[in-house]
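S.K.: Sending over work36.cif (mmCIF, C-alpha atoms).
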```
data_protein
loop_
_atom_site.group_PDB
_atom_site.id
_atom_site.type_symbol
_atom_site.label_atom_id
_atom_site.label_comp_id
_atom_site.auth_asym_id
_atom_site.auth_seq_id
_atom_site.Cartn_x
_atom_site.Cartn_y
_atom_site.Cartn_z
ATOM 1 C CA MET A 2 -31.617 -10.729 2.191
ATOM 2 C CA PHE A 3 -29.638 -12.576 -0.466
ATOM 3 C CA ARG A 4 -31.474 -14.254 -3.339
ATOM 4 C CA ILE A 5 -30.829 -17.930 -3.908
ATOM 5 C CA ALA A 6 -30.079 -17.197 -7.548
ATOM 6 C CA ALA A 7 -27.131 -15.059 -6.469
ATOM 7 C CA LEU A 8 -25.219 -18.213 -5.586
ATOM 8 C CA ALA A 9 -25.061 -19.105 -9.260
ATOM 9 C CA ARG A 10 -22.914 -16.051 -9.794
ATOM 10 C CA ILE A 11 -20.377 -16.994 -7.144
ATOM 11 C CA PRO A 12 -16.963 -16.873 -8.835
ATOM 12 C CA ARG A 13 -14.962 -20.049 -9.254
ATOM 13 C CA VAL A 14 -12.686 -20.593 -6.265
ATOM 14 C CA LEU A 15 -9.954 -23.074 -5.539
ATOM 15 C CA PRO A 16 -10.339 -26.085 -3.234
ATOM 16 C CA MET A 17 -8.747 -25.759 0.183
ATOM 17 C CA ALA A 18 -5.155 -26.963 0.321
ATOM 18 C CA ARG A 19 -2.722 -27.070 3.206
ATOM 19 C CA VAL A 20 0.290 -24.850 2.618
ATOM 20 C CA PRO A 21 3.470 -25.360 4.677
ATOM 21 C CA ALA A 22 3.874 -22.687 7.348
ATOM 22 C CA SER A 23 7.324 -21.716 6.083
ATOM 23 C CA LEU A 24 5.978 -21.152 2.550
ATOM 24 C CA ALA A 25 3.100 -19.034 3.829
ATOM 25 C CA ILE A 26 5.442 -16.852 5.884
ATOM 26 C CA HIS A 27 8.039 -16.202 3.212
ATOM 27 C CA SER A 28 5.984 -16.077 0.028
ATOM 28 C CA ARG A 29 2.688 -14.776 1.425
ATOM 29 C CA TRP A 30 0.869 -17.304 -0.785
ATOM 30 C CA TYR A 31 -1.820 -19.295 0.961
ATOM 31 C CA GLN A 32 -5.532 -19.977 0.936
ATOM 32 C CA VAL A 33 -8.168 -18.810 3.408
ATOM 33 C CA SER A 34 -11.884 -19.334 3.845
ATOM 34 C CA PRO A 35 -14.182 -16.348 3.195
ATOM 35 C CA ASN A 36 -14.815 -16.234 6.960
ATOM 36 C CA SER A 37 -11.091 -15.614 7.528
ATOM 37 C CA ALA A 38 -10.776 -12.866 4.914
ATOM 38 C CA ARG A 39 -10.020 -9.491 6.450
ATOM 39 C CA PRO A 40 -9.716 -5.919 5.163
ATOM 40 C CA GLY A 41 -6.436 -5.290 3.370
ATOM 41 C CA MET A 42 -5.923 -8.856 2.153
ATOM 42 C CA VAL A 43 -5.198 -9.090 -1.578
ATOM 43 C CA ILE A 44 -7.144 -11.878 -3.246
ATOM 44 C CA ASP A 45 -6.615 -13.399 -6.687
ATOM 45 C CA LEU A 46 -10.195 -13.227 -7.944
ATOM 46 C CA ASN A 47 -10.504 -14.749 -11.402
ATOM 47 C CA GLY A 48 -6.982 -13.595 -12.258
ATOM 48 C CA SER A 49 -7.215 -9.999 -10.984
ATOM 49 C CA PRO A 50 -5.768 -8.543 -7.750
ATOM 50 C CA GLN A 51 -8.612 -7.478 -5.465
ATOM 51 C CA ILE A 52 -8.152 -5.814 -2.070
ATOM 52 C CA VAL A 53 -10.724 -6.807 0.562
ATOM 53 C CA VAL A 54 -12.470 -3.649 1.814
ATOM 54 C CA SER A 55 -15.217 -5.097 4.025
ATOM 55 C CA LYS A 56 -17.018 -8.311 4.939
ATOM 56 C CA ASP A 57 -20.675 -9.013 5.764
ATOM 57 C CA HIS A 58 -22.478 -12.213 6.712
ATOM 58 C CA GLY A 59 -25.898 -13.292 5.519
ATOM 59 C CA GLY A 60 -27.980 -16.318 4.572
ATOM 60 C CA THR A 61 -29.734 -17.832 1.582
ATOM 61 C CA GLY A 62 -33.018 -18.617 3.299
ATOM 62 C CA ARG A 63 -32.172 -22.335 3.357
ATOM 63 C CA GLY A 64 -29.777 -22.162 6.257
ATOM 64 C CA GLN A 65 -26.581 -21.965 4.203
ATOM 65 C CA ALA A 66 -24.222 -19.219 5.304
ATOM 66 C CA VAL A 67 -23.147 -16.677 2.700
ATOM 67 C CA ILE A 68 -20.299 -14.199 3.098
ATOM 68 C CA LYS A 69 -20.413 -10.991 1.069
ATOM 69 C CA LEU A 70 -17.031 -9.378 0.402
ATOM 70 C CA THR A 71 -16.517 -5.882 -0.956
ATOM 71 C CA PHE A 72 -13.378 -5.554 -3.081
ATOM 72 C CA LYS A 73 -11.332 -2.740 -4.578
ATOM 73 C CA HIS A 74 -9.312 -3.544 -7.688
ATOM 74 C CA ALA A 75 -5.627 -3.042 -6.854
ATOM 75 C CA VAL A 76 -4.897 -1.313 -10.172
ATOM 76 C CA THR A 77 -8.052 0.539 -11.244
ATOM 77 C CA GLY A 78 -9.610 1.186 -7.817
ATOM 78 C CA ALA A 79 -13.001 -0.056 -9.102
ATOM 79 C CA ARG A 80 -15.210 -1.536 -6.367
ATOM 80 C CA SER A 81 -17.262 -4.705 -6.577
ATOM 81 C CA GLN A 82 -19.100 -7.171 -4.348
ATOM 82 C CA GLU A 83 -19.029 -10.944 -4.486
ATOM 83 C CA ARG A 84 -20.805 -13.634 -2.472
ATOM 84 C CA PHE A 85 -19.154 -16.833 -1.265
ATOM 85 C CA ARG A 86 -20.213 -19.956 0.587
ATOM 86 C CA SER A 87 -18.526 -20.529 3.933
ATOM 87 C CA ASN A 88 -16.787 -23.664 2.626
ATOM 88 C CA ASP A 89 -15.250 -21.888 -0.396
ATOM 89 C CA SER A 90 -11.590 -20.888 -0.361
ATOM 90 C CA LEU A 91 -9.796 -17.772 -1.565
ATOM 91 C CA GLU A 92 -6.233 -17.453 -2.801
ATOM 92 C CA VAL A 93 -4.177 -14.726 -1.130
ATOM 93 C CA MET A 94 -1.761 -13.320 -3.693
ATOM 94 C CA LEU A 95 2.019 -13.475 -3.730
ATOM 95 C CA LEU A 96 3.318 -10.229 -2.233
ATOM 96 C CA VAL A 97 6.718 -8.626 -1.723
ATOM 97 C CA GLN A 98 7.248 -7.286 1.807
ATOM 98 C CA LYS A 99 8.857 -3.856 2.323
ATOM 99 C CA GLU A 100 9.465 -2.084 5.617
ATOM 100 C CA TYR A 101 8.329 1.535 5.997
ATOM 101 C CA GLN A 102 7.799 3.952 8.883
ATOM 102 C CA PHE A 103 4.408 5.523 9.497
ATOM 103 C CA LEU A 104 4.524 9.351 9.432
ATOM 104 C CA TYR A 105 0.968 10.761 9.454
ATOM 105 C CA THR A 106 -2.476 10.584 7.850
ATOM 106 C CA ALA A 107 -4.089 13.183 5.597
ATOM 107 C CA ASP A 108 -6.971 13.103 3.100
ATOM 108 C CA ASN A 109 -7.736 9.445 3.899
ATOM 109 C CA LYS A 110 -4.168 8.414 3.112
ATOM 110 C CA ALA A 111 -1.364 7.123 5.305
ATOM 111 C CA HIS A 112 2.006 8.703 4.573
ATOM 112 C CA LEU A 113 4.899 6.294 5.008
ATOM 113 C CA MET A 114 8.656 6.544 4.543
ATOM 114 C CA ASN A 115 11.162 3.946 3.384
ATOM 115 C CA MET A 116 13.971 4.445 5.888
ATOM 116 C CA GLN A 117 16.524 2.948 3.474
ATOM 117 C CA THR A 118 15.831 5.231 0.510
ATOM 118 C CA PHE A 119 13.837 7.995 2.297
ATOM 119 C CA GLU A 120 11.186 7.600 -0.385
ATOM 120 C CA GLU A 121 7.753 8.756 0.849
ATOM 121 C CA LEU A 122 4.716 6.697 -0.048
ATOM 122 C CA ALA A 123 1.009 7.582 0.323
ATOM 123 C CA MET A 124 -1.261 4.559 0.857
ATOM 124 C CA ASP A 125 -5.069 4.559 0.906
ATOM 125 C CA MET A 126 -6.544 3.875 4.335
ATOM 126 C CA ASP A 127 -8.775 1.286 2.627
ATOM 127 C CA ALA A 128 -5.603 -0.673 1.817
ATOM 128 C CA PHE A 129 -4.819 -1.141 5.526
ATOM 129 C CA GLU A 130 -4.894 -4.836 6.461
ATOM 130 C CA GLY A 131 -6.853 -5.406 9.651
ATOM 131 C CA GLY A 132 -9.722 -2.915 9.648
ATOM 132 C CA LYS A 133 -10.704 -0.234 12.150
ATOM 133 C CA ASP A 134 -9.992 -2.326 15.245
ATOM 134 C CA LYS A 135 -6.322 -2.736 14.307
ATOM 135 C CA MET A 136 -6.072 0.891 13.174
ATOM 136 C CA ALA A 137 -6.433 1.969 16.817
ATOM 137 C CA PHE A 138 -2.944 0.586 17.514
ATOM 138 C CA LEU A 139 -1.248 2.657 14.791
ATOM 139 C CA GLU A 140 1.013 5.436 16.089
ATOM 140 C CA ASP A 141 3.552 7.930 14.764
ATOM 141 C CA GLY A 142 6.975 6.478 14.027
ATOM 142 C CA MET A 143 5.756 2.856 14.002
ATOM 143 C CA ASN A 144 7.395 0.493 11.548
ATOM 144 C CA VAL A 145 4.820 -1.000 9.177
ATOM 145 C CA THR A 146 4.984 -3.501 6.326
ATOM 146 C CA VAL A 147 3.989 -2.461 2.809
ATOM 147 C CA GLN A 148 2.945 -5.307 0.534
ATOM 148 C CA ALA A 149 3.578 -4.963 -3.174
ATOM 149 C CA LEU A 150 2.932 -6.831 -6.403
ATOM 150 C CA GLU A 151 5.992 -6.331 -8.585
ATOM 151 C CA PRO A 152 6.746 -5.036 -11.102
ATOM 152 C CA GLU A 153 3.159 -3.790 -11.454
ATOM 153 C CA PRO A 154 1.052 -2.363 -9.877
ATOM 154 C CA GLY A 155 3.528 -1.940 -6.975
ATOM 155 C CA ALA A 156 2.426 -1.157 -3.404
ATOM 156 C CA ILE A 157 -1.170 -2.207 -2.811
ATOM 157 C CA SER A 158 -1.634 -2.832 0.919
ATOM 158 C CA TRP A 159 0.025 -2.267 4.296
ATOM 159 C CA ARG A 160 -0.185 -3.697 7.788
ATOM 160 C CA LEU A 161 1.064 -3.365 11.352
ATOM 161 C CA PRO A 162 4.083 -5.275 12.683
ATOM 162 C CA PRO A 163 3.376 -8.551 14.532
ATOM 163 C CA LYS A 164 4.206 -6.920 17.892
ATOM 164 C CA HIS A 165 4.775 -3.421 19.232
ATOM 165 C CA THR A 166 5.537 -1.769 22.584
ATOM 166 C CA TYR A 167 3.169 0.728 24.218
ATOM 167 C CA LYS A 168 2.963 2.659 27.480
ATOM 168 C CA VAL A 169 -0.085 1.987 29.642
ATOM 169 C CA ALA A 170 -2.051 5.157 30.430
ATOM 170 C CA ALA A 171 -4.761 3.711 32.676
ATOM 171 C CA VAL A 172 -6.008 0.403 34.082
ATOM 172 C CA GLU A 173 -9.573 -0.091 35.289
ATOM 173 C CA SER A 174 -9.919 -0.978 38.958
ATOM 174 C CA ARG A 175 -11.107 -4.447 39.819
ATOM 175 C CA VAL A 176 -14.602 -4.535 41.276
ATOM 176 C CA ALA A 177 -15.857 -6.984 43.888
ATOM 177 C CA ARG A 178 -17.915 -9.103 41.501
ATOM 178 C CA ASP A 179 -14.831 -9.623 39.331
ATOM 179 C CA LYS A 180 -12.716 -10.766 42.246
ATOM 180 C CA GLY A 181 -11.500 -13.824 40.367
ATOM 181 C CA ALA A 182 -10.480 -11.935 37.233
ATOM 182 C CA THR A 183 -6.819 -12.000 36.253
ATOM 183 C CA TYR A 184 -7.067 -9.535 33.354
ATOM 184 C CA LEU A 185 -8.338 -5.952 33.452
ATOM 185 C CA PRO A 186 -9.250 -3.458 30.698
ATOM 186 C CA ALA A 187 -6.451 -0.974 30.054
ATOM 187 C CA THR A 188 -6.030 2.120 27.897
ATOM 188 C CA LEU A 189 -2.726 2.744 26.153
ATOM 189 C CA GLU A 190 -1.209 6.205 25.694
ATOM 190 C CA ASN A 191 -2.397 6.294 22.067
ATOM 191 C CA GLY A 192 -5.979 5.560 23.164
ATOM 192 C CA ALA A 193 -6.120 1.901 22.106
ATOM 193 C CA LYS A 194 -7.727 -0.622 24.450
ATOM 194 C CA VAL A 195 -6.304 -3.973 25.531
ATOM 195 C CA SER A 196 -6.763 -6.347 28.480
ATOM 196 C CA VAL A 197 -3.732 -6.705 30.763
ATOM 197 C CA PRO A 198 -2.886 -8.878 33.793
ATOM 198 C CA ASP A 199 -3.925 -7.322 37.075
ATOM 199 C CA PHE A 200 -0.279 -6.755 38.088
ATOM 200 C CA VAL A 201 0.273 -4.252 35.244
ATOM 201 C CA LYS A 202 0.153 -0.636 36.437
ATOM 202 C CA PRO A 203 -0.246 2.724 34.640
ATOM 203 C CA GLY A 204 3.085 4.014 33.349
ATOM 204 C CA GLU A 205 4.474 0.574 32.563
ATOM 205 C CA THR A 206 5.550 -0.384 29.047
ATOM 206 C CA ILE A 207 4.076 -3.547 27.599
ATOM 207 C CA VAL A 208 4.296 -5.564 24.384
ATOM 208 C CA VAL A 209 1.066 -6.083 22.441
ATOM 209 C CA ASP A 210 0.525 -8.934 20.000
ATOM 210 C CA LEU A 211 -1.012 -6.984 17.123
ATOM 211 C CA GLU A 212 -2.130 -10.063 15.209
ATOM 212 C CA ASN A 213 -4.633 -10.788 17.989
ATOM 213 C CA ALA A 214 -4.700 -7.402 19.798
ATOM 214 C CA THR A 215 -3.681 -9.064 23.065
ATOM 215 C CA TYR A 216 -1.130 -8.527 25.860
ATOM 216 C CA ALA A 217 2.138 -10.342 25.136
ATOM 217 C CA GLY A 218 4.276 -9.346 28.124
ATOM 218 C CA ARG A 219 6.245 -6.550 29.740
ATOM 219 C CA ALA A 220 8.770 -4.734 27.579
#
```
Show this structure as structure tokens.
M.R.:
Amino acid sequence: MFRIAALARIPRVLPMARVPASLAIHSRWYQVSPNSARPGMVIDLNGSPQIVVSKDHGGTGRGQAVIKLTFKHAVTGARSQERFRSNDSLEVMLLVQKEYQFLYTADNKAHLMNMQTFEELAMDMDAFEGGKDKMAFLEDGMNVTVQALEPEPGAISWRLPPKHTYKVAAVESRVARDKGATYLPATLENGAKVSVPDFVKPGETIVVDLENATYAGRA
């Protein structure tokens, strides 16, 4: 249970502002509500770059929603927790996008390679943008995006591509009580789960929208 007094320590945040879609896409600068914050996002918190590690919801006892975010400092690695009201806004920091290829994981780090320079980079799993649910879609050889603050501290987070192709391993059979269903649970070859239209069969290759973890079409 959160104490009411804790709200007094909520850090100063910026008012919500609408940012043009083109600016958000190319500069990666935009504002989000605490409810929309997700693991891997890099937030400008009182002038310091903080990576979102986890998010929890709670209340103040007076019906006002409070969101508790756990952060990791992008430079020092120090962890902290802050509480926000649901109507606060957070500033997502300006990031440079670099394309890498995922190689493997070891010791809680993802090993990636820049296919232009063949430079290998080890990124903390905590710096993955999307959390455990999105991690299920990661597979060897996948192109991923590394996000960096330049010139310092450099690479601080990484994320999946917007879409990726997968082979379907299995599709659950439709049962009588779901006769009207048009989508069925399916398992991909890498073990990830996604709902697919009932015409999709095992062995087919499909495209998955990784932003929403949904079926996007046949490959």
S.K.: At most 9 Å is the cut-off: for each residue in range 96-156 of chain A with any atom that close to an atom of range 29-52 of chain A, write down the nearest atom pair and the distance in Å rounded to one decimal, counting all atoms listed in the file, chain first then increasing number, as a tab-separated table.
M.R.:
```
residue	atom	partner	partner_atom	distance
A:Leu96	CA	A:Arg29	CA	5.9
A:Val97	CA	A:Arg29	CA	8.0
A:Gln98	CA	A:Arg29	CA	8.8
A:Asp127	CA	A:Gly41	CA	7.0
A:Ala128	CA	A:Gly41	CA	4.9
A:Phe129	CA	A:Gly41	CA	4.9
A:Glu130	CA	A:Gly41	CA	3.5
A:Gly131	CA	A:Pro40	CA	5.3
A:Gly132	CA	A:Pro40	CA	5.4
A:Leu150	CA	A:Pro50	CA	9.0
```
S.K.: Using all atoms listed in the file and a cutoff of 12 Å, can you tell me which residues are near (-8.6, 8.2, 24.7) in the file's coordinates, and write them out as a PyMOL selection string?
M.R.: chain A and resi 137-138+169-171+187-194
S.K.: I'd like the box whose edges run along x, y and z of the file and which contains every listed atom of range 42-48 of chain A, padded by 3 Å per side; could you state its centre and edge lengths in Å, one decimal, as AutoDock Vina command-line options?
M.R.:
```
--center_x -7.9 --center_y -11.8 --center_z -5.1 --size_x 11.3 --size_y 11.9 --size_z 20.4
```
S.K.: So that I can see what lies close to Asn109 in chain A, please list as an MDAnalysis selection string the residues with an atom at most 9 Å from it, counting only C-alpha atoms and leaving out residues fewer than 4 positions away in the same chain.
M.R.: chainID A and resid 124:127
S.K.: Quick one: pull the distance between CA of Ala220 in chain A and CA of Gln117 in chain A, Å, one decimal.
M.R.: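 Distance between the two atoms: 26.5 Å.
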S.K.: What is the distance, in Å and to one decimal place, between CA of Phe85 in chain A and CA of His58 in chain A?
M.R.: 9.8 Å
S.K.: Check the smallest atom-to-atom distance from each of A:Ala123, A:Ala107, A:Met136, A:Ile157 to His74 in chain A using all atoms listed in the file, then report the winner.
M.R.: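 Ranking A:Ala123, A:Ala107, A:Met136, A:Ile157 by distance to His74 in chain A, first place goes to A:Ile157.
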S.K.: Could you jot down the CA of Lys110 in chain A to CA of Val53 in chain A separation for me, Å, one decimal place?
M.R.: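 That distance, rounded to one decimal, is 16.8 Å.
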S.K.: What would the list of residues within 9 Å of (5.4, -0.6, 21.7) (file frame) look like as a list in words, if all atoms listed in the file are what count?
M.R.: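 Output of the proximity query reads Met143, Lys164, His165, Thr166, Tyr167, Lys168, Thr206, Ile207, Val208, Val209 and Ala220 of chain A.
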S.K.: Convert the current residue selection to file output with C-alpha atoms, as a compact mmCIF listing (two decimals), in the coordinates of the input.
M.R.:
```txt
# COMPACT_ATOMS: atom_id res chain seq x y z
CA MET A 143 5.76 2.86 14.00
CA LYS A 164 4.21 -6.92 17.89
CA HIS A 165 4.78 -3.42 19.23
CA THR A 166 5.54 -1.77 22.58
CA TYR A 167 3.17 0.73 24.22
CA LYS A 168 2.96 2.66 27.48
CA THR A 206 5.55 -0.38 29.05
CA ILE A 207 4.08 -3.55 27.60
CA VAL A 208 4.30 -5.56 24.38
CA VAL A 209 1.07 -6.08 22.44
CA ALA A 220 8.77 -4.73 27.58
```
S.K.: Expanded to explicit residues, what is the PyMOL selection byres ((chain A and resi 81) around 6) for this file, as a CSV table (one decimal) with C-alpha atoms, in the coordinates of the input?
M.R.:
```
chain,number,residue,atom,x,y,z
A,71,THR,CA,-16.5,-5.9,-1.0
A,72,PHE,CA,-13.4,-5.6,-3.1
A,80,ARG,CA,-15.2,-1.5,-6.4
A,82,GLN,CA,-19.1,-7.2,-4.3
```
S.K.: Smallest atom-to-atom distance to Gln102 in chain A: which of A:Arg86, A:Arg160, A:Lys56, A:Lys69, using all atoms listed in the file?
M.R.: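 Answer, going by the shortest atom-to-atom distance: A:Arg160.
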